[in-house]
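Undergrad: Compact mmCIF, C-alpha atoms, file input.txt:
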# COMPACT_ATOMS: atom_id res chain seq x y z
CA MET J 1 -56.34 36.65 -4.17
CA GLN J 2 -54.94 36.69 -0.63
CA LYS J 3 -54.56 32.91 -0.73
CA LEU J 4 -52.69 33.19 -4.02
CA LYS J 5 -50.31 35.75 -2.51
CA ARG J 6 -49.67 33.53 0.50
CA PHE J 7 -49.02 30.57 -1.80
CA GLY J 8 -46.59 32.66 -3.88
CA LEU J 9 -44.81 33.81 -0.73
CA LEU J 10 -44.54 30.20 0.45
CA LEU J 11 -43.04 29.13 -2.88
CA LEU J 12 -40.57 32.01 -2.78
CA THR J 13 -39.58 31.09 0.78
CA ILE J 14 -39.06 27.43 -0.16
CA LEU J 15 -37.03 28.39 -3.22
CA SER J 16 -34.86 30.83 -1.25
CA PHE J 17 -34.27 28.23 1.45
CA SER J 18 -33.35 25.61 -1.18
CA ILE J 19 -30.84 28.00 -2.78
CA LEU J 20 -29.29 28.81 0.60
CA MET J 21 -29.00 25.12 1.55
CA LEU J 22 -27.48 24.28 -1.81
CA TYR J 23 -24.89 27.01 -1.40
CA LEU J 24 -23.98 26.03 2.15
CA LEU J 25 -24.09 22.25 1.68
CA GLN J 26 -22.81 21.84 -1.87
CA GLU J 27 -19.53 20.22 -0.79
CA LYS J 28 -21.51 17.59 1.11
CA LEU J 29 -23.51 16.91 -2.04
CA ILE J 30 -20.50 16.78 -4.37
CA PHE J 31 -17.98 14.98 -2.18
CA LEU J 32 -18.94 11.81 -0.32
CA PRO J 33 -15.74 10.74 1.42
CA THR J 34 -15.29 8.02 3.98
CA GLN J 35 -12.42 8.28 6.44
CA LEU J 36 -9.88 5.69 7.54
CA PRO J 37 -7.88 5.63 10.79
CA ALA J 38 -4.21 6.53 10.44
CA ASP J 39 -3.19 2.99 11.37
CA TYR J 40 -5.51 1.31 8.86
CA GLU J 41 -3.70 -1.45 6.94
CA TYR J 42 -4.65 -1.90 3.29
CA SER J 43 -4.97 -5.39 1.87
CA PHE J 44 -4.93 -6.05 -1.87
CA ASN J 45 -4.18 -9.05 -4.07
CA SER J 46 -1.45 -7.16 -5.93
CA GLY J 47 1.84 -5.90 -4.51
CA PHE J 48 1.76 -2.25 -3.49
CA GLU J 49 3.42 0.52 -1.55
CA GLU J 50 1.61 3.09 0.54
CA VAL J 51 2.60 6.65 -0.32
CA PHE J 52 2.19 9.94 1.56
CA LEU J 53 2.86 13.32 -0.05
CA ASP J 54 2.78 16.63 1.79
CA THR J 55 1.40 19.76 0.12
CA ALA J 56 2.54 23.36 0.41
CA ASP J 57 -0.54 24.30 2.44
CA GLY J 58 -0.02 21.56 5.02
CA ALA J 59 -2.27 18.79 3.73
CA ARG J 60 -1.06 15.19 3.75
CA LEU J 61 -2.22 13.02 0.88
CA ASN J 62 -2.39 9.25 0.93
CA ALA J 63 -2.00 7.02 -2.12
CA ILE J 64 -1.54 3.39 -3.14
CA HIS J 65 1.17 2.55 -5.67
CA PHE J 66 0.76 -0.89 -7.23
CA LYS J 67 3.99 -2.18 -8.72
CA ILE J 68 4.89 -5.14 -10.91
CA GLU J 69 8.07 -6.29 -12.63
CA ASN J 70 8.67 -4.82 -16.08
CA PRO J 71 5.47 -2.77 -16.37
CA LYS J 72 4.35 -1.30 -19.68
CA GLY J 73 3.99 2.02 -17.88
CA LEU J 74 1.98 3.72 -15.19
CA ILE J 75 -1.73 4.44 -14.91
CA LEU J 76 -2.29 7.53 -12.76
CA TYR J 77 -5.87 6.95 -11.64
CA PHE J 78 -8.30 9.57 -10.27
CA HIS J 79 -11.32 8.03 -8.63
CA GLY J 80 -14.94 9.06 -8.19
CA ASN J 81 -16.56 11.22 -5.52
CA ALA J 82 -17.44 8.54 -2.95
CA GLY J 83 -15.52 6.17 -0.68
CA ASP J 84 -11.78 5.88 -0.10
CA LEU J 85 -8.75 3.87 -1.18
CA SER J 86 -9.87 0.70 0.59
CA ARG J 87 -12.51 0.50 -2.18
CA TRP J 88 -10.82 2.30 -5.05
CA GLY J 89 -7.61 0.36 -4.58
CA GLN J 90 -9.50 -2.83 -5.37
CA ILE J 91 -10.90 -1.28 -8.55
CA GLY J 92 -7.62 0.25 -9.65
CA SER J 93 -5.64 -2.90 -9.04
CA SER J 94 -7.50 -4.57 -11.92
CA PHE J 95 -5.21 -2.66 -14.29
CA VAL J 96 -2.24 -4.53 -12.85
CA ASP J 97 -3.49 -7.56 -14.79
CA LEU J 98 -2.88 -5.54 -17.95
CA LYS J 99 0.80 -5.24 -16.94
CA TYR J 100 0.71 -1.67 -15.67
CA ASP J 101 1.81 -0.09 -12.43
CA VAL J 102 -1.06 1.91 -10.93
CA LEU J 103 -0.96 4.99 -8.68
CA ILE J 104 -4.20 6.06 -6.97
CA MET J 105 -4.49 8.97 -4.56
CA ASP J 106 -7.23 9.79 -2.06
CA TYR J 107 -8.45 13.36 -2.28
CA ARG J 108 -8.35 15.68 0.73
CA SER J 109 -10.67 14.47 3.52
CA TYR J 110 -10.90 11.01 1.91
CA GLY J 111 -9.44 7.96 3.66
CA LYS J 112 -6.22 8.96 5.39
CA SER J 113 -5.76 12.17 3.40
CA THR J 114 -6.09 15.50 5.18
CA GLY J 115 -6.56 19.11 4.12
CA LYS J 116 -9.28 21.52 3.09
CA LEU J 117 -11.08 20.83 -0.17
CA SER J 118 -11.26 23.33 -3.00
CA GLU J 119 -11.28 23.03 -6.77
CA ASN J 120 -7.81 24.54 -7.11
CA ALA J 121 -6.45 22.29 -4.35
CA LEU J 122 -7.68 19.20 -6.20
CA TYR J 123 -5.86 20.29 -9.35
CA GLU J 124 -2.67 21.15 -7.48
CA ASP J 125 -2.73 17.83 -5.64
CA ALA J 126 -3.10 15.97 -8.93
CA GLN J 127 -0.08 17.83 -10.32
CA LEU J 128 1.89 16.91 -7.20
CA PHE J 129 1.30 13.22 -7.85
CA TYR J 130 2.08 13.63 -11.54
CA GLU J 131 5.45 15.10 -10.61
CA TYR J 132 5.96 12.27 -8.12
CA ALA J 133 5.32 9.80 -10.94
CA LEU J 134 7.82 11.58 -13.21
CA ASN J 135 10.56 10.71 -10.71
CA THR J 136 10.18 7.06 -11.74
CA TYR J 137 8.46 6.95 -15.14
CA ASP J 138 9.09 8.66 -18.45
CA GLU J 139 6.18 10.93 -19.31
CA GLU J 140 5.42 8.98 -22.48
CA LYS J 141 4.80 5.95 -20.24
CA ILE J 142 2.16 7.66 -18.09
CA THR J 143 -1.54 7.20 -18.87
CA VAL J 144 -3.89 9.50 -16.98
CA TYR J 145 -7.21 7.86 -16.13
CA GLY J 146 -10.19 9.62 -14.56
CA ARG J 147 -13.52 8.27 -13.45
CA SER J 148 -16.62 10.46 -12.94
CA LEU J 149 -15.53 13.38 -10.72
CA GLY J 150 -11.95 12.20 -11.20
CA ALA J 151 -12.38 12.55 -14.96
CA SER J 152 -12.51 16.33 -14.63
CA ILE J 153 -9.40 16.33 -12.44
CA ALA J 154 -7.64 14.06 -14.94
CA THR J 155 -8.66 16.32 -17.84
CA HIS J 156 -7.30 19.40 -16.13
CA LEU J 157 -4.05 17.57 -15.35
CA ALA J 158 -3.62 16.32 -18.92
CA SER J 159 -4.21 19.83 -20.26
CA ASN J 160 -1.11 21.03 -18.39
CA ASN J 161 1.15 18.06 -19.15
CA ASN J 162 1.91 15.62 -21.94
CA PRO J 163 0.93 12.10 -20.85
CA ALA J 164 0.81 9.19 -23.28
CA LYS J 165 -2.99 9.04 -23.20
CA LEU J 166 -6.05 10.34 -21.36
CA ILE J 167 -8.80 7.84 -20.57
CA LEU J 168 -12.09 9.08 -19.13
CA GLU J 169 -14.79 6.86 -17.65
CA THR J 170 -18.28 8.39 -17.25
CA PRO J 171 -17.02 11.99 -17.55
CA PHE J 172 -19.15 15.12 -17.51
CA TYR J 173 -19.09 18.21 -19.71
CA SER J 174 -18.84 20.30 -16.55
CA LEU J 175 -20.03 19.95 -12.98
CA LEU J 176 -22.38 22.83 -13.72
CA ASP J 177 -23.90 20.76 -16.52
CA VAL J 178 -24.58 17.87 -14.10
CA ALA J 179 -25.98 20.16 -11.41
CA GLU J 180 -28.31 21.98 -13.80
CA ASP J 181 -29.58 18.63 -15.04
CA ARG J 182 -30.33 17.56 -11.46
CA PHE J 183 -31.69 20.89 -10.17
CA PRO J 184 -33.21 22.58 -13.22
CA PHE J 185 -35.41 24.86 -11.10
CA LEU J 186 -32.53 26.48 -9.19
CA PRO J 187 -30.07 29.23 -10.30
CA ILE J 188 -27.16 26.78 -10.16
CA LYS J 189 -24.76 28.91 -12.18
CA GLN J 190 -24.86 31.68 -9.58
CA VAL J 191 -24.60 29.30 -6.60
CA LEU J 192 -22.14 26.57 -7.56
CA LYS J 193 -18.59 27.15 -6.31
CA TYR J 194 -17.12 24.11 -8.07
CA LYS J 195 -17.31 24.57 -11.84
CA MET J 196 -14.97 21.76 -12.99
CA ALA J 197 -15.27 22.85 -16.60
CA SER J 198 -13.86 19.81 -18.38
CA TYR J 199 -14.97 21.18 -21.75
CA LYS J 200 -12.49 24.04 -21.33
CA TYR J 201 -9.53 21.95 -20.20
CA ILE J 202 -9.99 19.37 -22.93
CA GLN J 203 -9.34 22.00 -25.61
CA ASN J 204 -5.61 22.02 -24.81
CA ILE J 205 -4.88 18.29 -24.65
CA LYS J 206 -2.46 16.94 -27.23
CA ALA J 207 -2.52 13.31 -26.07
CA PRO J 208 -4.97 10.75 -27.49
CA ILE J 209 -8.31 10.91 -25.66
CA ARG J 210 -10.62 7.95 -25.02
CA ILE J 211 -14.04 8.15 -23.37
CA PHE J 212 -16.14 5.29 -21.98
CA HIS J 213 -19.77 6.04 -21.11
CA GLY J 214 -22.94 4.03 -20.59
CA THR J 215 -26.27 5.02 -22.12
CA ALA J 216 -28.17 4.23 -18.90
CA ASP J 217 -25.94 6.29 -16.61
CA ASN J 218 -28.24 7.85 -14.00
CA VAL J 219 -25.50 9.85 -12.24
CA VAL J 220 -23.71 11.54 -15.14
CA SER J 221 -25.88 11.41 -18.21
CA TYR J 222 -24.56 9.88 -21.41
CA GLU J 223 -25.51 13.17 -23.10
CA SER J 224 -23.09 15.08 -20.86
CA GLY J 225 -20.24 12.74 -21.76
CA LYS J 226 -21.12 12.88 -25.46
CA LYS J 227 -21.24 16.67 -25.35
CA LEU J 228 -17.73 16.65 -23.89
CA PHE J 229 -16.53 14.31 -26.63
CA ASP J 230 -18.03 16.49 -29.35
CA VAL J 231 -16.05 19.59 -28.31
CA ILE J 232 -12.66 17.84 -28.36
CA PRO J 233 -10.60 19.48 -31.14
CA ASN J 234 -7.96 16.74 -31.00
CA THR J 235 -8.62 14.37 -33.89
CA ASN J 236 -7.07 11.44 -32.02
CA LYS J 237 -10.18 10.77 -29.99
CA LYS J 238 -12.63 7.91 -29.61
CA MET J 239 -15.80 7.35 -27.60
CA TYR J 240 -16.87 3.89 -26.49
CA THR J 241 -20.64 3.80 -26.05
CA ILE J 242 -21.76 1.05 -23.67
CA GLU J 243 -25.40 0.28 -24.38
CA ASN J 244 -27.39 -0.04 -21.13
CA GLY J 245 -24.26 0.61 -19.11
CA ASN J 246 -24.82 2.44 -15.84
CA HIS J 247 -22.49 4.63 -13.81
CA ASN J 248 -20.83 1.91 -11.78
CA ASN J 249 -21.01 -1.25 -13.86
CA LEU J 250 -19.15 -0.62 -17.12
CA ASN J 251 -16.64 -3.38 -16.34
CA GLU J 252 -19.49 -5.88 -16.69
CA PHE J 253 -19.74 -5.09 -20.42
CA ARG J 254 -17.52 -6.60 -23.09
CA VAL J 255 -17.31 -3.30 -24.99
CA TYR J 256 -15.65 -1.70 -21.98
CA ARG J 257 -13.33 -4.62 -21.15
CA GLU J 258 -12.17 -5.10 -24.73
CA GLY J 259 -11.85 -1.35 -25.25
CA ILE J 260 -9.63 -0.96 -22.19
CA LYS J 261 -7.45 -3.88 -23.28
CA LEU J 262 -7.10 -2.35 -26.73
CA GLU J 263 -6.20 1.10 -25.41
CA LEU J 264 -3.64 -0.28 -22.93
CA GLN J 265 -2.04 -2.93 -25.11
Before we go any further, please render this structure as C-alpha cells.
TA:
Amino acid sequence: MQKLKRFGLLLLTILSFSILMLYLLQEKLIFLPTQLPADYEYSFNSGFEEVFLDTADGARLNAIHFKIENPKGLILYFHGNAGDLSRWGQIGSSFVDLKYDVLIMDYRSYGKSTGKLSENALYEDAQLFYEYALNTYDEEKITVYGRSLGASIATHLASNNNPAKLILETPFYSLLDVAEDRFPFLPIKQVLKYKMASYKYIQNIKAPIRIFHGTADNVVSYESGKKLFDVIPNTNKKMYTIENGNHNNLNEFRVYREGIKLELQ
C-alpha cells in the first residue's frame, strides 16, 4: 500500500511539473521563429520591395512585397509557426506566377520583426498590414491566405474585413483543439493562453472560403480542418481534400495545384 501511495505521489508530481512547464514554455512550443540580422539582404527570383511597419506599442514589423506589372490583385499571406521570411518568401513568391502581387509579413520575433508576442498583437499586426494593402489595392482585389498557424490569423482578419476570398491551408478548428489532441492527458483548456478560436471567427466571414488539407497531416489533423469547415455558415465554401497529403507538401499534389489555380484565376 505504501508503494502504491509513493507511486501515486510520483505520478502527481510528474503531472504537476508537466502542467507548469507547459504553462511557462507554451510560447516556445507554439512559436518557432528564426531571427535575421538587421542588415540581412533577401534574394528571390521575383521582384520585391522590403517593407517595415511600426506598431502603436513600439514593435517594428518586416515584410516582403512581391510586385508585378498588371497584377490580378494581391494575396496577403500569413505563414506558419516556424522560420522567417527568407524561407516563407520563397514559398509565397510562387503565387507571383499566377499573376498576383504577394505581401508576406514576419510575426513579432520572427526574422527582422521585433516586439512582444501575444494573440491580440498578432491580430492587430495583421490588421495593420491589411490597412497598408488598402492604400494600394481595392478591397475586392485582396485575397487573404493563411497557412497553419497563419490560417487562424487570416480567419480573424477576414472576419473583421471584406476581402475577395479567404484561402486556408492546413487550418485548425482552434489551437486548443490541436493542443488537446497532442496532450490529451493534461488540462490544456485551463493552461493554454493562446486560444486562436478559428471556429468562432469564421462565423462572421462573408467572403468565399476555401480550405486545403491533407489526410496524412501529422501536425494539424485533417479532422481538425474538416471540423472547421463543417461549422462555416457561409454557403460559398469548398474544401479540397488532398489524399495522403502531409502538413508541408500539399504543393506536390495535383489537387492542390489545380485547386489553387482555379481559385485564383
Undergrad: What is the atom CA of J:Lys200 to atom CA of J:Phe212 distance in Å?
TA: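 Computed distance, atom CA of J:Lys200 to atom CA of J:Phe212, equals 19.1 Å.
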Undergrad: Centre and edge lengths, as JSON, for the axis-aligned box enclosing every listed atom of stretch 145-153 of chain J with 3 Å of padding on each of the six sides, in Å to one decimal?
TA:
{"center_x": -11.9, "center_y": 12.1, "center_z": -13.4, "size_x": 15.4, "size_y": 14.5, "size_z": 11.4}
Undergrad: Residues near J:Ile91, anyone? I mean within 12 Å using all atoms listed in the file, not counting same-chain ones fewer than 3 positions away, as a PyMOL selection string.
TA: chain J and resi 44-46+64+66+77-80+83-88+94-97+102-104+147+248-251
Undergrad: Have a look at J:Leu76, J:Ser224, J:Ser148, J:Leu176 and name the one nearest to J:Gln127; count all atoms listed in the file.
TA: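 The closest residue to J:Gln127 is J:Leu76.
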Undergrad: Out of J:Thr34, J:Asn70, J:Ser113, J:Thr215, which residue has the shortest atom-to-atom distance to J:Leu53 when counting only C-alpha atoms?
TA: J:Ser113
Undergrad: With a distance cut-off of 9 Å and all atoms listed in the file, select the neighbouring residues of J:Asn204, excluding the residue or stretch itself and same-chain residues fewer than 3 positions from it, and output the selection as a CSV table (one decimal) with C-alpha atoms, in the coordinates of the input.
TA:
chain,number,residue,atom,x,y,z
J,158,ALA,CA,-3.6,16.3,-18.9
J,159,SER,CA,-4.2,19.8,-20.3
J,160,ASN,CA,-1.1,21.0,-18.4
J,200,LYS,CA,-12.5,24.0,-21.3
J,201,TYR,CA,-9.5,22.0,-20.2
J,232,ILE,CA,-12.7,17.8,-28.4
J,233,PRO,CA,-10.6,19.5,-31.1
J,234,ASN,CA,-8.0,16.7,-31.0
Undergrad: Between atom CA of J:Leu157 and atom CA of J:Ala38, what is the spacing in Å?
TA: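 Spanning atom CA of J:Ala38 to atom CA of J:Leu157 is a straight-line distance of 28.1 Å.
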Undergrad: Give me, please, the distance in Å between atom CA of J:Phe129 and atom CA of J:Tyr194, quoted to one decimal.
TA: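 Computing the Euclidean distance for atom CA of J:Phe129 and atom CA of J:Tyr194 yields 21.4 Å.
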Undergrad: Counting all atoms listed in the file, which residue out of J:Phe48, J:Phe172, J:Tyr199, J:Tyr222 sits closest to J:Ser93?
TA: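 For J:Ser93, the nearest of the given residues is J:Phe48.
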Undergrad: Name all residues at most 8 Å from J:Glu140 (count all atoms listed in the file; drop same-chain ones fewer than 6 positions away) and give them as a list in words.
TA: Asn162, Pro163 and Ala164 of chain J
Undergrad: Convert the current residue selection to file output with C-alpha atoms, as a PDB file, in the coordinates of the input.
TA:
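Okay, result_33.pdb is ready:
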ATOM      1  CA  ASN J 162       1.910  15.620 -21.940  1.00  0.00           C
ATOM      2  CA  PRO J 163       0.930  12.100 -20.850  1.00  0.00           C
ATOM      3  CA  ALA J 164       0.810   9.190 -23.280  1.00  0.00           C
TER       4      ALA J 164
END
Undergrad: Counting all atoms listed in the file, figure out which residue out of J:Arg257, J:Lys193, J:Lys237, J:Lys226 gets nearest to J:Ser118.
TA: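 Comparing J:Arg257, J:Lys193, J:Lys237, J:Lys226 against J:Ser118, the winner is J:Lys193.
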Undergrad: I'd like to know which of J:Thr155, J:Asn218, J:Gln265, J:Asn135 is closest to J:Tyr100, using all atoms listed in the file.
TA: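 Distance minimum relative to J:Tyr100 lands on J:Gln265.
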Undergrad: Measuring between only C-alpha atoms, which one of J:Met239, J:Ala216, J:Ser221, J:Leu228 shows the shortest distance to J:Gln203?
TA: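 Among the listed residues, the smallest separation from J:Gln203 belongs to J:Leu228.
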Undergrad: Is there a way to get, as a list in words, all residues within 12 Å of the point (-7.2, 0.4, 9.1) in file coordinates, counting all atoms listed in the file?
TA: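 Residues close enough to count: Gln35, Leu36, Pro37, Ala38, Asp39, Tyr40, Glu41, Tyr42, Ser43, Asp84, Leu85, Ser86, Gly111 and Lys112 of chain J.
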Undergrad: Tell me which protein, DNA and RNA residues are within 10 Å of J:Gly58, counting all atoms listed in the file, leaving out same-chain ones fewer than 5 positions away, and put them as a PyMOL selection string.
TA: chain J and resi 114-116
Undergrad: Go ahead and save the picked residues with C-alpha atoms, as a PDB file, in the frame of the given file.
TA:
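This went into again_14.pdb:
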ATOM      1  CA  THR J 114      -6.090  15.500   5.180  1.00  0.00           C
ATOM      2  CA  GLY J 115      -6.560  19.110   4.120  1.00  0.00           C
ATOM      3  CA  LYS J 116      -9.280  21.520   3.090  1.00  0.00           C
TER       4      LYS J 116
END
